[in-house]
Amino acid sequence: MTAPASGPVRRTSEIGYRRCVGEDQSLGDPIRLGRLLHRRALGEPLTAEQQETLRRGSAGAVAVAARRYAVVEFEGYAVARLLLGERPVSTLLRDRLADDHRAAEQRFRSELSSGAALTAASGAASGVAFGAASDPAFGAASGVALGAAFGAAGGAADVPDAFEVFVMRHAAGKRFDDVLRDVLRARALRRDALDRPARDHYAWLAAHRQVTPAGQLPEHLRAWLELSPVAFVERALADLGRTPRTGPPIHDAVAERWAATNGAVTKRLHAARDATTAQIRTIPQARRTVKHSVKLTAAARACAGAAALDEWATLVTEELRVRAAEVHRSPAVRRLRADCFAAVATELARTDPDLAAAVTQACADHRQHCDPHAPTRTGCIREVASTVRAARARAAASTVRAAHAAASTVRAAREAASTVRAARADVDADQAGRGRRPGGAQGERA
Ligand SMILES: [Zn+2]
């Protein structure tokens, strides 16, 4: 076996790869491996090569799925014997297969969580609110203050200081996210490229160059991935229904597609098996033949194949989720995030210099009494951001007050002007009156 172990978690993609290059067809195939396990349980002789295949295929999602296959096929086998009036199978055998399956599943899950724990421990203990808040990439030497970066003409070395970038992100809120969307688009990155993905883990990992992008996979894999959800189920049903029984290729890229079927294939094959069983029950036992047994066995094997693929898809999807979380925590993604956030901050500072000035001022004030690179930075970021927001709100309010004041000054001036006009009119009228009735005023005065 030459496949490298690239980490504490066993990578099913490697198994899938081996299957693609045909080194050992059974090793990455839970159905073929499961058939061997079932035959071994029944005490059938296996070749040395088959025994070696079983020995090597004893870890990872495929191994768990193969054991699930063996359990389900054995159930079908037990029913077939009963219907044909043969001696019932040993419950001991059934229990042993079930135990084997449970043990493999526990082994897989503990490997997955210890692998994840190992990687988490080796990374910085971040992930609180901002994944990058305590990243070394955001260290003291990470750049210059916003004001300097945006004030100066700015060489390539003028990267805004990470602390100020995060304060700006918090202070700008939705506006920051809007600009970030443009920045990601300009870099041909997914919208969720900087977030831990909630779905489509394979595609997310491909975007971060951790796995082969779907478009570059071999033709027979792409053919499955390009099917609509309905066509995917139909093709899986057809492939599991004939001999040799196959499903979609055992590859990480297909796992999430299978998981998305939500057991639709399994349900339909179970219904078909139940119908076959019910139909055979209507026939008197003496007239049941090998032909019926073959039909039952075929139905049971199809069910077992679908159940195995259900389990495989669930476990691989879980594995992809863990891997995406690892990558999300990695220095490379943190650097990318820092880079994109800095680009957003630069753009926001260009379109809103007042915001940049407020951020720079608040950060400078904060540094007077706190080391912004201390591990408590997340709290500091929130604190400084709220200072910025409050200062901006005050500035906006004082602008409004100033406008009110200006408006009342204008009103007052207008009132004054109209008073003057009225007074002038009075004077004019007075003078005119004096002109018309000379002596009148004198008379009044007298
Ligand atoms: Zn602080």
# chains A, B, ... in the order shown; residues from 1 in each chain; ligands from 1
$ residues_near_ligand --ligand "ligand 1" --cutoff "12 Å" --atoms "only C-alpha atoms and all ligand atoms" --output "list in words"
Phe163, Glu164, Val167, Ala362, Cys363, Ala364, Asp365, His366, Arg367, Gln368, His369, Cys370, Asp371, Pro372, His373, Ala374, Pro375, Thr376, Arg377, Thr378, Gly379, Cys380, Ile381, Arg382, Glu383, Val384 and Ala385 of chain A
$ residues_around --residues "region 58-74 of chain A" --least-positions-apart "2" --cutoff "7 Å" --atoms "only C-alpha atoms" --output "ChimeraX atom specification"
/A:10,12,28-31,33-35,37-38,54-56,76-78,97-98,100-101,104-105,108,300-301,304-305,307-309,311-312,315-316
$ write_last_selection --atoms "C-alpha atoms" --output "mmCIF file, in the first residue's frame"
data_model
loop_
_atom_site.group_PDB
_atom_site.id
_atom_site.type_symbol
_atom_site.label_atom_id
_atom_site.label_comp_id
_atom_site.auth_asym_id
_atom_site.auth_seq_id
_atom_site.Cartn_x
_atom_site.Cartn_y
_atom_site.Cartn_z
ATOM 1 C CA ARG A 10 -7.923 8.738 7.358
ATOM 2 C CA THR A 12 -11.457 8.498 2.089
ATOM 3 C CA GLY A 28 -12.511 1.267 -1.635
ATOM 4 C CA ASP A 29 -15.806 -0.449 -2.334
ATOM 5 C CA PRO A 30 -18.041 -1.003 0.695
ATOM 6 C CA ILE A 31 -20.291 -3.324 -1.295
ATOM 7 C CA LEU A 33 -15.869 -5.557 0.951
ATOM 8 C CA GLY A 34 -19.216 -6.138 2.669
ATOM 9 C CA ARG A 35 -19.911 -9.191 0.505
ATOM 10 C CA LEU A 37 -17.423 -9.961 5.293
ATOM 11 C CA HIS A 38 -20.797 -11.665 4.905
ATOM 12 C CA LEU A 54 -10.436 -7.671 4.302
ATOM 13 C CA ARG A 55 -7.425 -7.030 6.501
ATOM 14 C CA ARG A 56 -6.464 -3.869 4.634
ATOM 15 C CA GLY A 76 -31.996 -10.874 4.305
ATOM 16 C CA TYR A 77 -30.233 -14.201 4.332
ATOM 17 C CA ALA A 78 -31.904 -15.119 7.643
ATOM 18 C CA LEU A 97 -21.696 -8.863 12.725
ATOM 19 C CA ALA A 98 -23.622 -6.122 14.508
ATOM 20 C CA ASP A 100 -18.226 -5.623 14.468
ATOM 21 C CA HIS A 101 -20.138 -2.837 12.738
ATOM 22 C CA ALA A 104 -15.808 0.015 13.414
ATOM 23 C CA GLU A 105 -18.124 2.992 13.657
ATOM 24 C CA PHE A 108 -14.003 5.864 12.946
ATOM 25 C CA ALA A 300 -31.541 -8.175 0.267
ATOM 26 C CA ARG A 301 -28.216 -7.427 -1.421
ATOM 27 C CA ALA A 304 -27.551 -3.859 1.864
ATOM 28 C CA GLY A 305 -25.713 -1.925 -0.871
ATOM 29 C CA ALA A 307 -27.647 0.980 3.376
ATOM 30 C CA ALA A 308 -23.859 0.721 3.093
ATOM 31 C CA LEU A 309 -23.728 3.748 0.790
ATOM 32 C CA GLU A 311 -23.610 5.079 5.977
ATOM 33 C CA TRP A 312 -20.542 5.752 3.853
ATOM 34 C CA LEU A 315 -19.466 9.426 7.516
ATOM 35 C CA VAL A 316 -17.590 10.998 4.604
#
$ residues_around --residues "Ala172 (chain A)" --least-positions-apart "6" --cutoff "12 Å" --atoms "only C-alpha atoms" --output "PyMOL selection string"
chain A and resi 164-166+178-180+344-345+347-349+352+354-356+358-359+382+385-386+388-389+392
$ write_last_selection --atoms "C-alpha atoms" --output "short mmCIF file (atom, residue, chain, number, x, y, z; two decimals), in the first residue's frame"
data_model
loop_
_atom_site.label_atom_id
_atom_site.label_comp_id
_atom_site.auth_asym_id
_atom_site.auth_seq_id
_atom_site.Cartn_x
_atom_site.Cartn_y
_atom_site.Cartn_z
CA GLU A 164 -8.09 48.72 13.10
CA VAL A 165 -9.45 46.59 10.26
CA PHE A 166 -11.43 44.49 12.72
CA ASP A 178 -21.34 44.39 1.16
CA VAL A 179 -17.86 45.49 0.14
CA LEU A 180 -16.44 42.13 1.22
CA VAL A 344 -12.44 46.06 2.35
CA ALA A 345 -11.14 48.48 5.00
CA GLU A 347 -12.14 50.65 0.14
CA LEU A 348 -14.38 51.82 3.01
CA ALA A 349 -11.77 54.36 4.08
CA ASP A 352 -15.89 57.19 3.96
CA ASP A 354 -14.67 60.19 8.31
CA LEU A 355 -15.19 56.59 9.36
CA ALA A 356 -11.49 55.81 8.83
CA ALA A 358 -12.91 57.89 13.67
CA VAL A 359 -11.51 54.33 13.71
CA ARG A 382 -15.99 45.25 20.29
CA ALA A 385 -15.99 49.62 17.64
CA SER A 386 -18.79 50.70 19.95
CA VAL A 388 -16.53 54.56 17.10
CA ARG A 389 -20.24 54.03 16.60
CA ARG A 392 -20.26 58.82 14.87
#
$ atom_distance --atom1 "CA of Ala357 (chain A)" --atom2 "CA of Ala193 (chain A)"
29.5 Å
$ residues_around --residues "region 184-187 of chain A" --least-positions-apart "4" --cutoff "12 Å" --atoms "only C-alpha atoms" --output "PyMOL selection string"
chain A and resi 177-180+191-195+207+336-337+339-341+343-344
$ atom_distance --atom1 "CA of Arg257 (chain A)" --atom2 "CA of Leu225 (chain A)"
7.4 Å
$ closest_residue --among "A:Arg421, A:Lys174, A:Arg87, A:Arg321" --to "Ala198 (chain A)" --atoms "only C-alpha atoms"
A:Arg321
$ decode --residues "region 59-98 of chain A" --atoms "C-alpha atoms" --output "PDB file, in the first residue's frame"
ATOM      1  CA  ALA A  59     -10.422   1.352   8.713  1.00  0.00           C
ATOM      2  CA  GLY A  60     -12.148   4.461   7.485  1.00  0.00           C
ATOM      3  CA  ALA A  61     -15.675   5.178   6.321  1.00  0.00           C
ATOM      4  CA  VAL A  62     -15.567   2.378   3.733  1.00  0.00           C
ATOM      5  CA  ALA A  63     -14.799  -0.202   6.427  1.00  0.00           C
ATOM      6  CA  VAL A  64     -17.749   0.934   8.549  1.00  0.00           C
ATOM      7  CA  ALA A  65     -20.054   0.947   5.527  1.00  0.00           C
ATOM      8  CA  ALA A  66     -18.871  -2.540   4.497  1.00  0.00           C
ATOM      9  CA  ARG A  67     -19.814  -3.846   7.955  1.00  0.00           C
ATOM     10  CA  ARG A  68     -23.220  -2.245   7.624  1.00  0.00           C
ATOM     11  CA  TYR A  69     -23.576  -4.071   4.315  1.00  0.00           C
ATOM     12  CA  ALA A  70     -22.763  -7.390   5.968  1.00  0.00           C
ATOM     13  CA  VAL A  71     -25.347  -6.804   8.714  1.00  0.00           C
ATOM     14  CA  VAL A  72     -28.135  -5.998   6.244  1.00  0.00           C
ATOM     15  CA  GLU A  73     -27.305  -8.834   3.852  1.00  0.00           C
ATOM     16  CA  PHE A  74     -27.244 -11.235   6.754  1.00  0.00           C
ATOM     17  CA  GLU A  75     -30.740 -10.099   7.813  1.00  0.00           C
ATOM     18  CA  GLY A  76     -31.996 -10.874   4.305  1.00  0.00           C
ATOM     19  CA  TYR A  77     -30.233 -14.201   4.332  1.00  0.00           C
ATOM     20  CA  ALA A  78     -31.904 -15.119   7.643  1.00  0.00           C
ATOM     21  CA  VAL A  79     -35.361 -14.237   6.273  1.00  0.00           C
ATOM     22  CA  ALA A  80     -34.731 -16.272   3.101  1.00  0.00           C
ATOM     23  CA  ARG A  81     -33.814 -19.389   5.118  1.00  0.00           C
ATOM     24  CA  LEU A  82     -36.896 -19.006   7.260  1.00  0.00           C
ATOM     25  CA  LEU A  83     -39.192 -18.665   4.243  1.00  0.00           C
ATOM     26  CA  LEU A  84     -37.677 -21.718   2.588  1.00  0.00           C
ATOM     27  CA  GLY A  85     -38.127 -23.780   5.751  1.00  0.00           C
ATOM     28  CA  GLU A  86     -34.408 -24.174   6.356  1.00  0.00           C
ATOM     29  CA  ARG A  87     -32.749 -24.283   9.741  1.00  0.00           C
ATOM     30  CA  PRO A  88     -32.680 -20.720  11.228  1.00  0.00           C
ATOM     31  CA  VAL A  89     -29.326 -18.958  11.299  1.00  0.00           C
ATOM     32  CA  SER A  90     -27.401 -18.563  14.511  1.00  0.00           C
ATOM     33  CA  THR A  91     -28.290 -15.386  16.373  1.00  0.00           C
ATOM     34  CA  LEU A  92     -24.713 -15.462  17.596  1.00  0.00           C
ATOM     35  CA  LEU A  93     -23.478 -14.785  14.053  1.00  0.00           C
ATOM     36  CA  ARG A  94     -25.919 -11.911  13.647  1.00  0.00           C
ATOM     37  CA  ASP A  95     -24.816 -10.366  16.948  1.00  0.00           C
ATOM     38  CA  ARG A  96     -21.164 -10.727  16.006  1.00  0.00           C
ATOM     39  CA  LEU A  97     -21.696  -8.863  12.725  1.00  0.00           C
ATOM     40  CA  ALA A  98     -23.622  -6.122  14.508  1.00  0.00           C
TER      41      ALA A  98
END
